[in-house]
There are 2 protein chains.
Amino acid sequence: MGENDQGATPPPIPSQTLDHISIAVPDLEAAAEFYRATFGAEVDDAIEIPEQGMRMAYVRLANAKIELMQPTDDASPVGKFIQRNPAGGIHHLCFATPDADQAATDAGAAGLRIVGGGAPKPGHHGRKLFFLHPKDAIGTLIEVEEEETPPRRI
Amino acid sequence: MGENDQGATPPPIPSQTLDHISIAVPDLEAAAEFYRATFGAEVDDAIEIPEQGMRMAYVRLANAKIELMQPTDDASPVGKFIQRNPAGGIHHLCFATPDADQAATDAGAAGLRIVGGGAPKPGHHGRKLFFLHPKDAIGTLIEVEEEETPPRRI
């Protein structure tokens with residue numbers, strides 16, 4: 001393969017879109033009120049996600065979302081994070097990509113580990129998603145989520 | 001003041017825009033290459049910011065930026081963060097607001113502490129900015145930056 005061919009190789013996880021930043025919080029209602037009162041932001045009603053041991057609400061900004069997550073189970077990933085960071089803190093960021101299955105396959109082929117291994121799984125919204133291991137992503141937990149169909153500018 | 005008047009009170013830091021997420025990294029060139037190679041993202045050339053003891057580069061997505069920060073001084077805030085998190089990690093997020101001076105005044109009046117106190121200071125790009133204390137922001141370090149004039153959709 002020549003150098004020009006290498007330049008045309010598509011990235012394993014094509015994305016130009018930050019879908020959301022996710023913040024772990026000890027009290028979802030207090031966090032929602034902080035974002036409403038301080039910035040005038042719109043915050044959705046809370047959604048219970050028992051299979052992930054958490055409840056969450058989106059802060060809807062003009063160009064991206066902030067996902068507020070409160071653990072409902074101390075043994076869940078968010079529960080463990082809050083035990084280490086009782087005041088709360090930024091937990092991960094999320095890129096949107098057109099085809100999550102293809103992206104996971106290509107990421108694996110590129111040597112990037114997927115948290116939990118295996119294929120992408122549907123999130124609470126039904127779209128497929130997976131997480132890159134922070135050790136392969138400069139210390140950052142990065143979620144990759146399939147774009148909404150049809151794409152919606154948020 | 002009646003209840004209806006309270007409903008009309010503007011938020012201290014009006015914002016609907018996430019300007020960027022900031023990630024501390026141990027090696028800026030390795031981090032830039034990760035975002036280019038993995039997502040096909042455009043990453044700016046590095047900027048040296050000696051007064052903050054760091055160098056940085058923006059990852060430019062269609063709807064927001066990711067700021068990659070590498071310490072050049074172990075005693076700088078980013079240097080201390082990397083000492084606690086040697087692999088790197090998400091450091092803060094940044095909202096854009098129309099008037100940073102007014103926002104800082106109104107945030108103070110609302111009981112929100114500004115890191116370092118005092119008035120907003122110009123960043124490396126010349127726009128005024130300040131940071132809310134994480135203890136007043138649900139554990140998250142939040143930067144507030146004056147919008148670009150004229151506003152530019154990023």
# chains A, B, ... in the order shown; residues from 1 in each chain; ligands from 1
>>> closest_atom_pairs(of="chain B", to="chain A", cutoff="6 Å", atoms="only C-alpha atoms", output="CSV")
residue,atom,partner,partner_atom,distance
B:Pro11,CA,A:Thr38,CA,5.3
B:Pro12,CA,A:Thr38,CA,5.7
B:Ile13,CA,A:Phe39,CA,5.0
B:Pro14,CA,A:Phe39,CA,4.7
B:Ser15,CA,A:Phe39,CA,5.3
B:Gln16,CA,A:Leu61,CA,4.8
B:Thr17,CA,A:Ala62,CA,5.7
B:Ala37,CA,A:Pro11,CA,5.7
B:Thr38,CA,A:Pro11,CA,5.3
B:Phe39,CA,A:Pro14,CA,4.7
B:Gly40,CA,A:Pro11,CA,5.3
B:Leu61,CA,A:Gln16,CA,4.8
B:Ala62,CA,A:Gln16,CA,5.3
B:Asn63,CA,A:Asn63,CA,5.8
B:Ala87,CA,A:Gly139,CA,4.8
B:Gly88,CA,A:Gly139,CA,4.5
B:Gly89,CA,A:Thr140,CA,5.1
B:Ile138,CA,A:Gly88,CA,5.8
B:Gly139,CA,A:Gly88,CA,4.5
B:Thr140,CA,A:Gly89,CA,5.1
>>> select_by_dssp(residues="chain B", states="strand (DSSP E or B)", output="number ranges by chain")
B: 17-24, 42-43, 47-49, 54-60, 65-71, 89-97, 114, 121-122, 128-132, 142-146
>>> residues_around(residues="Glu146 of chain A", least_positions_apart="3", cutoff="6 Å", atoms="only C-alpha atoms", output="ChimeraX atom specification")
/A:96-100,127-128
>>> closest_residue(among="A:Ala109, A:Val43, A:Ala75, A:Ile142", to="Ser22 of chain A", atoms="only C-alpha atoms")
A:Ile142
>>> residues_around(residues="Glu48 of chain A", least_positions_apart="6", cutoff="12 Å", atoms="only C-alpha atoms", output="MDAnalysis selection string")
chainID A and resid 28 54:57 68:73 124:125
>>> closest_residue(among="B:Leu132, B:Cys94, B:Val144, B:Val78", to="Gly116 of chain B", atoms="only C-alpha atoms")
B:Leu132
>>> select_by_dssp(residues="chain A", states="helix (DSSP H, G or I)", output="PyMOL selection string")
chain A and resi 3-7+28-39+50-52+77-84+100-109+134-136
>>> write_last_selection(atoms="N, CA and C atoms", output="compact mmCIF listing (two decimals), in the first residue's frame")
# COMPACT_ATOMS: atom_id res chain seq x y z
N GLU A 3 1.81 5.46 0.19
CA GLU A 3 1.50 6.48 1.21
C GLU A 3 0.16 7.16 0.95
N ASN A 4 -0.16 7.33 -0.33
CA ASN A 4 -1.43 7.99 -0.63
C ASN A 4 -2.63 7.15 -0.18
N ASP A 5 -2.47 5.83 -0.26
CA ASP A 5 -3.55 4.97 0.20
C ASP A 5 -3.76 5.11 1.71
N GLN A 6 -2.63 5.20 2.42
CA GLN A 6 -2.74 5.36 3.87
C GLN A 6 -3.50 6.64 4.23
N GLY A 7 -3.22 7.71 3.48
CA GLY A 7 -3.89 8.97 3.76
C GLY A 7 -5.39 8.89 3.59
N LEU A 28 -29.58 14.37 41.98
CA LEU A 28 -29.97 14.79 40.62
C LEU A 28 -30.82 16.05 40.62
N GLU A 29 -31.75 16.15 41.59
CA GLU A 29 -32.63 17.33 41.60
C GLU A 29 -31.83 18.59 41.92
N ALA A 30 -30.86 18.48 42.84
CA ALA A 30 -30.02 19.66 43.16
C ALA A 30 -29.18 20.06 41.95
N ALA A 31 -28.66 19.06 41.24
CA ALA A 31 -27.84 19.36 40.06
C ALA A 31 -28.69 20.00 38.96
N ALA A 32 -29.89 19.45 38.73
CA ALA A 32 -30.77 20.03 37.71
C ALA A 32 -31.10 21.48 38.05
N GLU A 33 -31.37 21.73 39.33
CA GLU A 33 -31.72 23.09 39.74
C GLU A 33 -30.51 24.03 39.57
N PHE A 34 -29.31 23.53 39.85
CA PHE A 34 -28.10 24.34 39.63
C PHE A 34 -28.00 24.79 38.17
N TYR A 35 -28.18 23.87 37.23
CA TYR A 35 -28.03 24.23 35.80
C TYR A 35 -29.18 25.13 35.33
N ARG A 36 -30.39 24.89 35.85
CA ARG A 36 -31.51 25.78 35.51
C ARG A 36 -31.27 27.18 36.05
N ALA A 37 -30.96 27.27 37.34
CA ALA A 37 -30.90 28.57 38.01
C ALA A 37 -29.68 29.37 37.59
N THR A 38 -28.55 28.68 37.36
CA THR A 38 -27.30 29.41 37.08
C THR A 38 -27.21 29.85 35.63
N PHE A 39 -27.59 28.96 34.70
CA PHE A 39 -27.39 29.25 33.27
C PHE A 39 -28.71 29.48 32.52
N PRO A 50 -32.71 1.41 35.98
CA PRO A 50 -32.30 0.45 37.02
C PRO A 50 -31.22 -0.52 36.57
N GLU A 51 -31.20 -0.88 35.27
CA GLU A 51 -30.19 -1.85 34.82
C GLU A 51 -28.79 -1.26 34.86
N GLN A 52 -28.67 0.07 34.94
CA GLN A 52 -27.34 0.69 35.09
C GLN A 52 -27.14 1.24 36.51
N PRO A 77 -21.26 1.36 38.22
CA PRO A 77 -20.11 2.20 37.87
C PRO A 77 -20.26 3.65 38.37
N VAL A 78 -21.45 4.20 38.24
CA VAL A 78 -21.65 5.58 38.71
C VAL A 78 -21.61 5.63 40.24
N GLY A 79 -22.13 4.57 40.89
CA GLY A 79 -22.07 4.51 42.35
C GLY A 79 -20.63 4.49 42.85
N LYS A 80 -19.78 3.72 42.19
CA LYS A 80 -18.37 3.66 42.60
C LYS A 80 -17.67 4.99 42.36
N PHE A 81 -18.02 5.65 41.25
CA PHE A 81 -17.43 6.97 40.97
C PHE A 81 -17.79 7.97 42.07
N ILE A 82 -19.06 7.97 42.49
CA ILE A 82 -19.49 8.91 43.53
C ILE A 82 -18.86 8.58 44.88
N GLN A 83 -18.58 7.29 45.12
CA GLN A 83 -17.86 6.97 46.36
C GLN A 83 -16.46 7.58 46.35
N ARG A 84 -15.82 7.59 45.16
CA ARG A 84 -14.48 8.18 45.06
C ARG A 84 -14.54 9.71 44.99
N ALA A 100 -22.56 2.36 14.83
CA ALA A 100 -21.83 1.95 16.04
C ALA A 100 -21.24 0.55 15.90
N ASP A 101 -21.96 -0.39 15.25
CA ASP A 101 -21.41 -1.74 15.08
C ASP A 101 -20.11 -1.70 14.27
N GLN A 102 -20.15 -0.98 13.14
CA GLN A 102 -18.95 -0.88 12.30
C GLN A 102 -17.82 -0.19 13.06
N ALA A 103 -18.15 0.87 13.80
CA ALA A 103 -17.13 1.61 14.55
C ALA A 103 -16.47 0.73 15.61
N ALA A 104 -17.26 -0.09 16.29
CA ALA A 104 -16.69 -0.98 17.32
C ALA A 104 -15.76 -2.01 16.68
N THR A 105 -16.19 -2.56 15.54
CA THR A 105 -15.35 -3.53 14.83
C THR A 105 -14.04 -2.88 14.39
N ASP A 106 -14.14 -1.70 13.80
CA ASP A 106 -12.95 -1.02 13.28
C ASP A 106 -12.05 -0.52 14.42
N ALA A 107 -12.66 -0.11 15.54
CA ALA A 107 -11.86 0.31 16.69
C ALA A 107 -11.06 -0.88 17.23
N GLY A 108 -11.72 -2.03 17.32
CA GLY A 108 -11.02 -3.24 17.78
C GLY A 108 -9.86 -3.59 16.85
N ALA A 109 -10.11 -3.48 15.54
CA ALA A 109 -9.06 -3.78 14.56
C ALA A 109 -7.90 -2.80 14.67
N PRO A 134 -10.32 3.76 28.88
CA PRO A 134 -9.53 4.99 29.09
C PRO A 134 -8.03 4.79 28.86
N LYS A 135 -7.53 3.57 29.07
CA LYS A 135 -6.09 3.34 28.85
C LYS A 135 -5.73 3.47 27.37
N ASP A 136 -6.70 3.33 26.49
CA ASP A 136 -6.44 3.49 25.05
C ASP A 136 -6.92 4.85 24.55
>>> atom_distance(atom1="atom CA of Phe131 of chain A", atom2="atom CA of Gly118 of chain A")
10.8 Å
>>> atom_distance(atom1="atom CA of His133 of chain A", atom2="atom CA of Ala119 of chain A")
14.1 Å
>>> atom_distance(atom1="atom CA of Glu143 of chain A", atom2="atom CA of Ala46 of chain A")
20.6 Å
>>> decode(residues="segment 82-93 of chain B", atoms="N, CA, C and O atoms", output="compact mmCIF listing (two decimals), in the first residue's frame")
# COMPACT_ATOMS: atom_id res chain seq x y z
N ILE B 82 -2.18 16.53 36.48
CA ILE B 82 -1.51 15.39 35.84
C ILE B 82 -0.71 14.58 36.88
O ILE B 82 -0.60 13.35 36.75
N GLN B 83 -0.22 15.24 37.91
CA GLN B 83 0.44 14.46 38.97
C GLN B 83 -0.56 13.53 39.67
O GLN B 83 -0.23 12.41 40.04
N ARG B 84 -1.81 14.00 39.83
CA ARG B 84 -2.84 13.14 40.46
C ARG B 84 -3.39 12.13 39.47
O ARG B 84 -3.89 11.07 39.88
N ASN B 85 -3.36 12.48 38.17
CA ASN B 85 -3.94 11.63 37.12
C ASN B 85 -2.92 11.50 35.98
O ASN B 85 -3.06 12.14 34.94
N PRO B 86 -1.90 10.67 36.17
CA PRO B 86 -0.78 10.66 35.22
C PRO B 86 -1.18 10.29 33.79
O PRO B 86 -0.52 10.70 32.84
N ALA B 87 -2.25 9.50 33.63
CA ALA B 87 -2.66 9.09 32.29
C ALA B 87 -3.44 10.19 31.57
O ALA B 87 -3.68 10.11 30.37
N GLY B 88 -3.87 11.22 32.33
CA GLY B 88 -4.73 12.26 31.77
C GLY B 88 -6.16 12.11 32.26
O GLY B 88 -6.49 11.11 32.92
N GLY B 89 -7.00 13.10 31.96
CA GLY B 89 -8.40 13.04 32.38
C GLY B 89 -9.13 14.33 32.07
O GLY B 89 -8.50 15.36 31.77
N ILE B 90 -10.46 14.26 32.16
CA ILE B 90 -11.27 15.45 31.87
C ILE B 90 -11.10 16.44 33.02
O ILE B 90 -11.25 16.07 34.19
N HIS B 91 -10.78 17.69 32.70
CA HIS B 91 -10.41 18.69 33.69
C HIS B 91 -11.55 19.67 33.98
O HIS B 91 -11.84 19.97 35.13
N HIS B 92 -12.17 20.21 32.96
CA HIS B 92 -13.28 21.14 33.17
C HIS B 92 -14.13 21.23 31.91
O HIS B 92 -13.79 20.68 30.87
N LEU B 93 -15.27 21.92 32.04
CA LEU B 93 -16.07 22.25 30.87
C LEU B 93 -16.28 23.75 30.86
O LEU B 93 -16.06 24.43 31.86
